[in-house]
Amino acid sequence: MGSTEVLARTAPIYERVKRVIPPFEWPVFADDVDAILRLKRERNAVILAHNYQTPEIFHGVADIVGDSLALARMAMNVDADVIVLAGVHFMAETAKLLNPSKTVLIPDREAGCSLADSITPADVRLLRQRYPGVPIITYVNTSAAVKAESDICCTSGNARAVVESLGVPRVIMIPDEYLARNIAAETDVEIISWAGHCEVHELFTAAEVRQLRADHPGVVVLAHPECPPDVLAEADFAGSTAAMSDYVGTRKPPRVVLLTECSMSDNVAVQHPELDFIRPCNLCPHMKRITLGNIRDALEQNRHEVQVDPKLADRARRAVERMLEVR
């Protein structure tokens, strides 16, 4: 539990998150927060945190926060010796691809992703054989080995732009089937999909959206494009986590629900205390493997350094860099 001195030092950070973390919980976090801030200074380290991290990480110790696209872009300009990726393993690999000379740490090696697990490099090679000449667009939620077999990467935030940037009538988009189907509805390009799904977003249903509207009259429903198409059809807006956050900040709907991972609502609510956030809670078990405690351990012990096989790193890096060139 935090000492009086530690609680005093971390009081300005608690002030940011007091709406979503009860006062009796903060002393449990304060020691780790205080130690992590010290370790970052000592090691010239930065922490990159995805929008699905819990508030004590996202608002407490992170230096750079955002969705996969934002983290990928900002990772290239990090002025630090050490990067700690508070997210899942494919994100840490991407940070390493873009910063090959830096030390990249992930606090828990088991922080994986159902989408990344849904496809292998061999699967991508078979797709090339089946559809010769058709470009392969790979969602960033994949291993570096899968990225190395693709032509270009995308995120939920720039998927349509990537598809249309290629100037071809037909593309393959892997591995998220729902993202591919939802983007296909927005473009004239034919999209061949793969049957991978996010275990968080596939749980949302159209019936659940209708029930939310019945229970909370006037609620504005924002949905992530990894949700099934019938869910997006019931929503008021569909977009990446960054786009949802921007929507809330710009439109300021008095009552809003974000159909995505639980912690996203907590993190956005910190910035908009005047709004009412309805929270249907689907947790990502992989994101929740990252804690203040294992972030501290990673920095103290240089634990879980991420490496990418040099045989595939250049090809995987090129697929990511091509994505970042699309505006």
# chains A, B, ... in the order shown; residues from 1 in each chain; ligands from 1
call {"tool": "residues_around", "arguments": {"residues": "Val88 of chain A", "least_positions_apart": "3", "cutoff": "9 Å", "atoms": "only C-alpha atoms", "output": "list in words"}}
result
His50, Leu85, Met91, Ala92, Ile106, Asp108, Arg109, Glu110, Ala111, Gly112, Cys113, His286, Met287, Arg289 and Ile290 of chain A
call {"tool": "write_last_selection", "arguments": {"atoms": "C-alpha atoms", "output": "PDB file, in the first residue's frame"}}
result
ATOM      1  CA  HIS A  50      -3.414   0.973 -26.265  1.00  0.00           C
ATOM      2  CA  LEU A  85       4.320  -1.774 -25.016  1.00  0.00           C
ATOM      3  CA  MET A  91       1.745  -4.374 -31.171  1.00  0.00           C
ATOM      4  CA  ALA A  92       5.112  -4.934 -29.493  1.00  0.00           C
ATOM      5  CA  ILE A 106       6.153  -6.465 -23.385  1.00  0.00           C
ATOM      6  CA  ASP A 108       3.497 -10.342 -20.406  1.00  0.00           C
ATOM      7  CA  ARG A 109       4.471 -12.607 -23.296  1.00  0.00           C
ATOM      8  CA  GLU A 110       1.086 -14.335 -23.118  1.00  0.00           C
ATOM      9  CA  ALA A 111      -0.785 -11.152 -24.056  1.00  0.00           C
ATOM     10  CA  GLY A 112      -1.939 -12.429 -27.433  1.00  0.00           C
ATOM     11  CA  CYS A 113      -4.845 -11.836 -29.818  1.00  0.00           C
ATOM     12  CA  HIS A 286      -5.236 -10.564 -23.398  1.00  0.00           C
ATOM     13  CA  MET A 287      -5.169  -6.800 -22.798  1.00  0.00           C
ATOM     14  CA  ARG A 289      -2.796  -9.459 -18.731  1.00  0.00           C
ATOM     15  CA  ILE A 290      -0.943  -6.126 -18.688  1.00  0.00           C
TER      16      ILE A 290
END
call {"tool": "closest_atom_pairs", "arguments": {"of": "segment 129-187 of chain A", "to": "segment 213-235 of chain A", "cutoff": "12 Å", "atoms": "only C-alpha atoms", "output": "tab-separated table"}}
result
residue	atom	partner	partner_atom	distance
A:Tyr139	CA	A:Glu226	CA	11.0
A:Asn141	CA	A:Glu226	CA	11.2
A:Thr155	CA	A:Pro225	CA	10.3
A:Ser156	CA	A:Pro225	CA	6.7
A:Gly157	CA	A:Pro225	CA	9.1
A:Asn158	CA	A:Pro225	CA	11.3
A:Ala159	CA	A:Pro225	CA	10.0
A:Arg160	CA	A:Pro225	CA	11.2
A:Pro175	CA	A:Glu226	CA	10.7
A:Asp176	CA	A:Glu226	CA	7.0
A:Glu177	CA	A:Glu226	CA	8.0
A:Tyr178	CA	A:Glu226	CA	5.4
A:Leu179	CA	A:Glu226	CA	4.9
A:Ala180	CA	A:Glu226	CA	8.6
A:Arg181	CA	A:Pro229	CA	7.1
A:Asn182	CA	A:Pro229	CA	6.0
A:Ile183	CA	A:Pro225	CA	8.2
A:Ala184	CA	A:Pro229	CA	10.6
A:Ala185	CA	A:Pro229	CA	9.2
A:Glu186	CA	A:Pro225	CA	11.6
call {"tool": "write_last_selection", "arguments": {"atoms": "all heavy atoms", "output": "compact mmCIF listing (two decimals), in the first residue's frame"}}
result
# COMPACT_ATOMS: atom_id res chain seq x y z
N TYR A 139 -4.39 -6.94 -41.69
CA TYR A 139 -4.70 -6.15 -40.51
C TYR A 139 -3.50 -6.19 -39.56
O TYR A 139 -2.83 -7.21 -39.45
CB TYR A 139 -5.93 -6.76 -39.85
CG TYR A 139 -6.68 -5.93 -38.85
CD1 TYR A 139 -6.62 -4.54 -38.85
CD2 TYR A 139 -7.53 -6.54 -37.93
CE1 TYR A 139 -7.35 -3.79 -37.94
CE2 TYR A 139 -8.27 -5.81 -37.02
CZ TYR A 139 -8.17 -4.43 -37.03
OH TYR A 139 -8.89 -3.69 -36.12
N ASN A 141 -3.43 -6.54 -36.57
CA ASN A 141 -3.67 -7.54 -35.53
C ASN A 141 -3.19 -8.92 -36.00
O ASN A 141 -3.97 -9.88 -36.04
CB ASN A 141 -5.15 -7.60 -35.15
CG ASN A 141 -5.68 -6.30 -34.62
OD1 ASN A 141 -5.35 -5.23 -35.12
ND2 ASN A 141 -6.52 -6.38 -33.61
N THR A 155 -5.11 -0.76 -40.47
CA THR A 155 -5.79 -0.80 -39.19
C THR A 155 -7.26 -0.53 -39.43
O THR A 155 -7.67 -0.20 -40.56
CB THR A 155 -5.23 0.24 -38.20
OG1 THR A 155 -5.66 1.54 -38.63
CG2 THR A 155 -3.73 0.18 -38.10
N SER A 156 -8.07 -0.63 -38.39
CA SER A 156 -9.48 -0.30 -38.54
C SER A 156 -9.65 1.17 -38.90
O SER A 156 -10.64 1.55 -39.52
CB SER A 156 -10.26 -0.64 -37.27
OG SER A 156 -9.70 0.05 -36.16
N GLY A 157 -8.68 2.00 -38.51
CA GLY A 157 -8.77 3.43 -38.78
C GLY A 157 -8.48 3.83 -40.21
O GLY A 157 -8.94 4.87 -40.68
N ASN A 158 -7.70 3.01 -40.94
CA ASN A 158 -7.35 3.40 -42.31
C ASN A 158 -7.61 2.31 -43.34
O ASN A 158 -7.12 2.37 -44.46
CB ASN A 158 -5.88 3.83 -42.38
CG ASN A 158 -4.91 2.67 -42.18
OD1 ASN A 158 -5.29 1.53 -41.95
ND2 ASN A 158 -3.62 2.97 -42.27
N ALA A 159 -8.41 1.29 -42.96
CA ALA A 159 -8.62 0.14 -43.85
C ALA A 159 -9.18 0.54 -45.21
O ALA A 159 -8.69 0.09 -46.25
CB ALA A 159 -9.53 -0.87 -43.17
N ARG A 160 -10.20 1.39 -45.21
CA ARG A 160 -10.78 1.78 -46.50
C ARG A 160 -9.77 2.55 -47.34
O ARG A 160 -9.65 2.31 -48.55
CB ARG A 160 -12.04 2.64 -46.29
CG ARG A 160 -12.66 3.10 -47.60
CD ARG A 160 -13.92 3.90 -47.39
NE ARG A 160 -14.44 4.43 -48.65
CZ ARG A 160 -15.55 5.15 -48.76
NH1 ARG A 160 -16.28 5.42 -47.68
NH2 ARG A 160 -15.93 5.60 -49.93
N PRO A 175 -6.99 -10.74 -41.18
CA PRO A 175 -7.82 -11.94 -41.04
C PRO A 175 -9.23 -11.66 -40.55
O PRO A 175 -10.02 -12.58 -40.42
CB PRO A 175 -7.06 -12.72 -39.96
CG PRO A 175 -6.51 -11.66 -39.06
CD PRO A 175 -6.19 -10.49 -39.95
N ASP A 176 -9.59 -10.39 -40.25
CA ASP A 176 -10.89 -10.11 -39.62
C ASP A 176 -12.01 -10.08 -40.65
O ASP A 176 -12.09 -9.16 -41.47
CB ASP A 176 -10.83 -8.77 -38.87
CG ASP A 176 -12.05 -8.59 -37.98
OD1 ASP A 176 -13.16 -8.46 -38.50
OD2 ASP A 176 -11.88 -8.59 -36.75
N GLU A 177 -12.87 -11.07 -40.59
CA GLU A 177 -13.97 -11.19 -41.56
C GLU A 177 -14.93 -10.01 -41.46
O GLU A 177 -15.38 -9.48 -42.48
CB GLU A 177 -14.73 -12.49 -41.31
CG GLU A 177 -15.92 -12.69 -42.24
CD GLU A 177 -16.70 -13.95 -41.93
OE1 GLU A 177 -16.53 -14.51 -40.82
OE2 GLU A 177 -17.48 -14.38 -42.80
N TYR A 178 -15.25 -9.60 -40.24
CA TYR A 178 -16.23 -8.53 -40.09
C TYR A 178 -15.68 -7.19 -40.55
O TYR A 178 -16.39 -6.41 -41.20
CB TYR A 178 -16.71 -8.44 -38.64
CG TYR A 178 -17.48 -9.65 -38.18
CD1 TYR A 178 -17.37 -10.11 -36.87
CD2 TYR A 178 -18.32 -10.35 -39.05
CE1 TYR A 178 -18.08 -11.22 -36.43
CE2 TYR A 178 -19.02 -11.47 -38.62
CZ TYR A 178 -18.89 -11.90 -37.32
OH TYR A 178 -19.59 -13.00 -36.89
N LEU A 179 -14.43 -6.90 -40.23
CA LEU A 179 -13.83 -5.67 -40.74
C LEU A 179 -13.87 -5.66 -42.27
O LEU A 179 -14.24 -4.66 -42.88
CB LEU A 179 -12.39 -5.53 -40.25
CG LEU A 179 -11.63 -4.32 -40.77
CD1 LEU A 179 -12.25 -3.01 -40.28
CD2 LEU A 179 -10.15 -4.38 -40.37
N ALA A 180 -13.49 -6.78 -42.89
CA ALA A 180 -13.49 -6.86 -44.35
C ALA A 180 -14.89 -6.64 -44.91
O ALA A 180 -15.07 -5.90 -45.89
CB ALA A 180 -12.94 -8.21 -44.80
N ARG A 181 -15.89 -7.28 -44.32
CA ARG A 181 -17.27 -7.13 -44.82
C ARG A 181 -17.78 -5.71 -44.62
O ARG A 181 -18.48 -5.16 -45.49
CB ARG A 181 -18.18 -8.14 -44.11
CG ARG A 181 -17.96 -9.57 -44.59
CD ARG A 181 -18.67 -10.58 -43.71
NE ARG A 181 -20.11 -10.35 -43.63
CZ ARG A 181 -20.93 -11.04 -42.85
NH1 ARG A 181 -20.44 -11.99 -42.06
NH2 ARG A 181 -22.23 -10.79 -42.85
N ASN A 182 -17.42 -5.10 -43.49
CA ASN A 182 -17.88 -3.74 -43.24
C ASN A 182 -17.21 -2.73 -44.17
O ASN A 182 -17.85 -1.78 -44.63
CB ASN A 182 -17.64 -3.38 -41.77
CG ASN A 182 -18.57 -4.12 -40.83
OD1 ASN A 182 -19.74 -4.34 -41.16
ND2 ASN A 182 -18.08 -4.53 -39.67
N ILE A 183 -15.93 -2.94 -44.47
CA ILE A 183 -15.26 -2.06 -45.43
C ILE A 183 -15.78 -2.30 -46.84
O ILE A 183 -15.94 -1.35 -47.63
CB ILE A 183 -13.73 -2.27 -45.37
CG1 ILE A 183 -13.19 -1.89 -43.98
CG2 ILE A 183 -13.03 -1.45 -46.45
CD1 ILE A 183 -13.45 -0.46 -43.56
N ALA A 184 -16.08 -3.54 -47.17
CA ALA A 184 -16.62 -3.86 -48.50
C ALA A 184 -17.92 -3.10 -48.77
O ALA A 184 -18.21 -2.73 -49.92
CB ALA A 184 -16.85 -5.36 -48.64
N ALA A 185 -18.69 -2.85 -47.72
CA ALA A 185 -19.95 -2.12 -47.88
C ALA A 185 -19.73 -0.64 -48.16
O ALA A 185 -20.65 0.05 -48.58
CB ALA A 185 -20.81 -2.29 -46.62
N GLU A 186 -18.49 -0.15 -47.96
CA GLU A 186 -18.19 1.27 -48.13
C GLU A 186 -17.45 1.57 -49.44
O GLU A 186 -17.20 2.74 -49.73
CB GLU A 186 -17.33 1.77 -46.97
CG GLU A 186 -17.97 1.61 -45.60
CD GLU A 186 -17.03 2.03 -44.48
OE1 GLU A 186 -15.89 2.46 -44.80
OE2 GLU A 186 -17.43 1.95 -43.31
call {"tool": "select_by_dssp", "arguments": {"residues": "segment 27-130 of chain A", "states": "strand (DSSP E or B)", "output": "ChimeraX atom specification"}}
result
/A:45-50,64-66,82-86,103-105
call {"tool": "atom_distance", "arguments": {"atom1": "atom CA of Gly66 of chain A", "atom2": "atom CA of Leu292 of chain A"}}
result
18.0 Å
call {"tool": "closest_residue", "arguments": {"among": "A:Ile36, A:Ile83, A:Glu202, A:Gln129", "to": "Cys284 of chain A", "atoms": "only C-alpha atoms"}}
result
A:Glu202
call {"tool": "closest_residue", "arguments": {"among": "A:Leu299, A:Ala8, A:Arg130, A:Val209", "to": "Ile278 of chain A", "atoms": "only C-alpha atoms"}}
result
A:Val209
call {"tool": "residues_around", "arguments": {"residues": "Pro55 of chain A", "least_positions_apart": "2", "cutoff": "8 Å", "atoms": "only C-alpha atoms", "output": "NGL selection string"}}
result
:A and (17 or 20-21 or 53 or 57-60 or 263 or 266-267)
call {"tool": "write_last_selection", "arguments": {"atoms": "C-alpha atoms", "output": "PDB file, in the first residue's frame"}}
result
ATOM      1  CA  VAL A  17      -8.673   9.245 -12.816  1.00  0.00           C
ATOM      2  CA  VAL A  20     -13.259   5.949 -12.612  1.00  0.00           C
ATOM      3  CA  ILE A  21     -10.994   4.690  -9.786  1.00  0.00           C
ATOM      4  CA  GLN A  53      -5.579  -0.579 -21.150  1.00  0.00           C
ATOM      5  CA  ILE A  57      -2.052   2.500 -16.925  1.00  0.00           C
ATOM      6  CA  PHE A  58      -3.587   4.623 -19.681  1.00  0.00           C
ATOM      7  CA  HIS A  59      -3.808   7.844 -17.659  1.00  0.00           C
ATOM      8  CA  GLY A  60      -1.321   6.964 -14.921  1.00  0.00           C
ATOM      9  CA  SER A 263     -11.638   0.000 -20.642  1.00  0.00           C
ATOM     10  CA  ASP A 266     -13.403   4.348 -18.774  1.00  0.00           C
ATOM     11  CA  ASN A 267     -10.517   6.079 -20.530  1.00  0.00           C
TER      12      ASN A 267
END
call {"tool": "atom_distance", "arguments": {"atom1": "atom CA of Cys154 of chain A", "atom2": "atom CA of Ser240 of chain A"}}
result
11.7 Å
call {"tool": "atom_distance", "arguments": {"atom1": "atom CA of Val308 of chain A", "atom2": "atom CA of Glu93 of chain A"}}
result
6.7 Å
call {"tool": "select_by_dssp", "arguments": {"residues": "segment 62-296 of chain A", "states": "helix (DSSP H, G or I)", "output": "count of residues only"}}
result
99
call {"tool": "residues_around", "arguments": {"residues": "Arg279 of chain A", "least_positions_apart": "6", "cutoff": "8 Å", "atoms": "only C-alpha atoms", "output": "count of residues only"}}
result
4
call {"tool": "closest_residue", "arguments": {"among": "A:Ile174, A:Ala116, A:Leu283, A:Ile192", "to": "Tyr131 of chain A", "atoms": "only C-alpha atoms"}}
result
A:Ile192
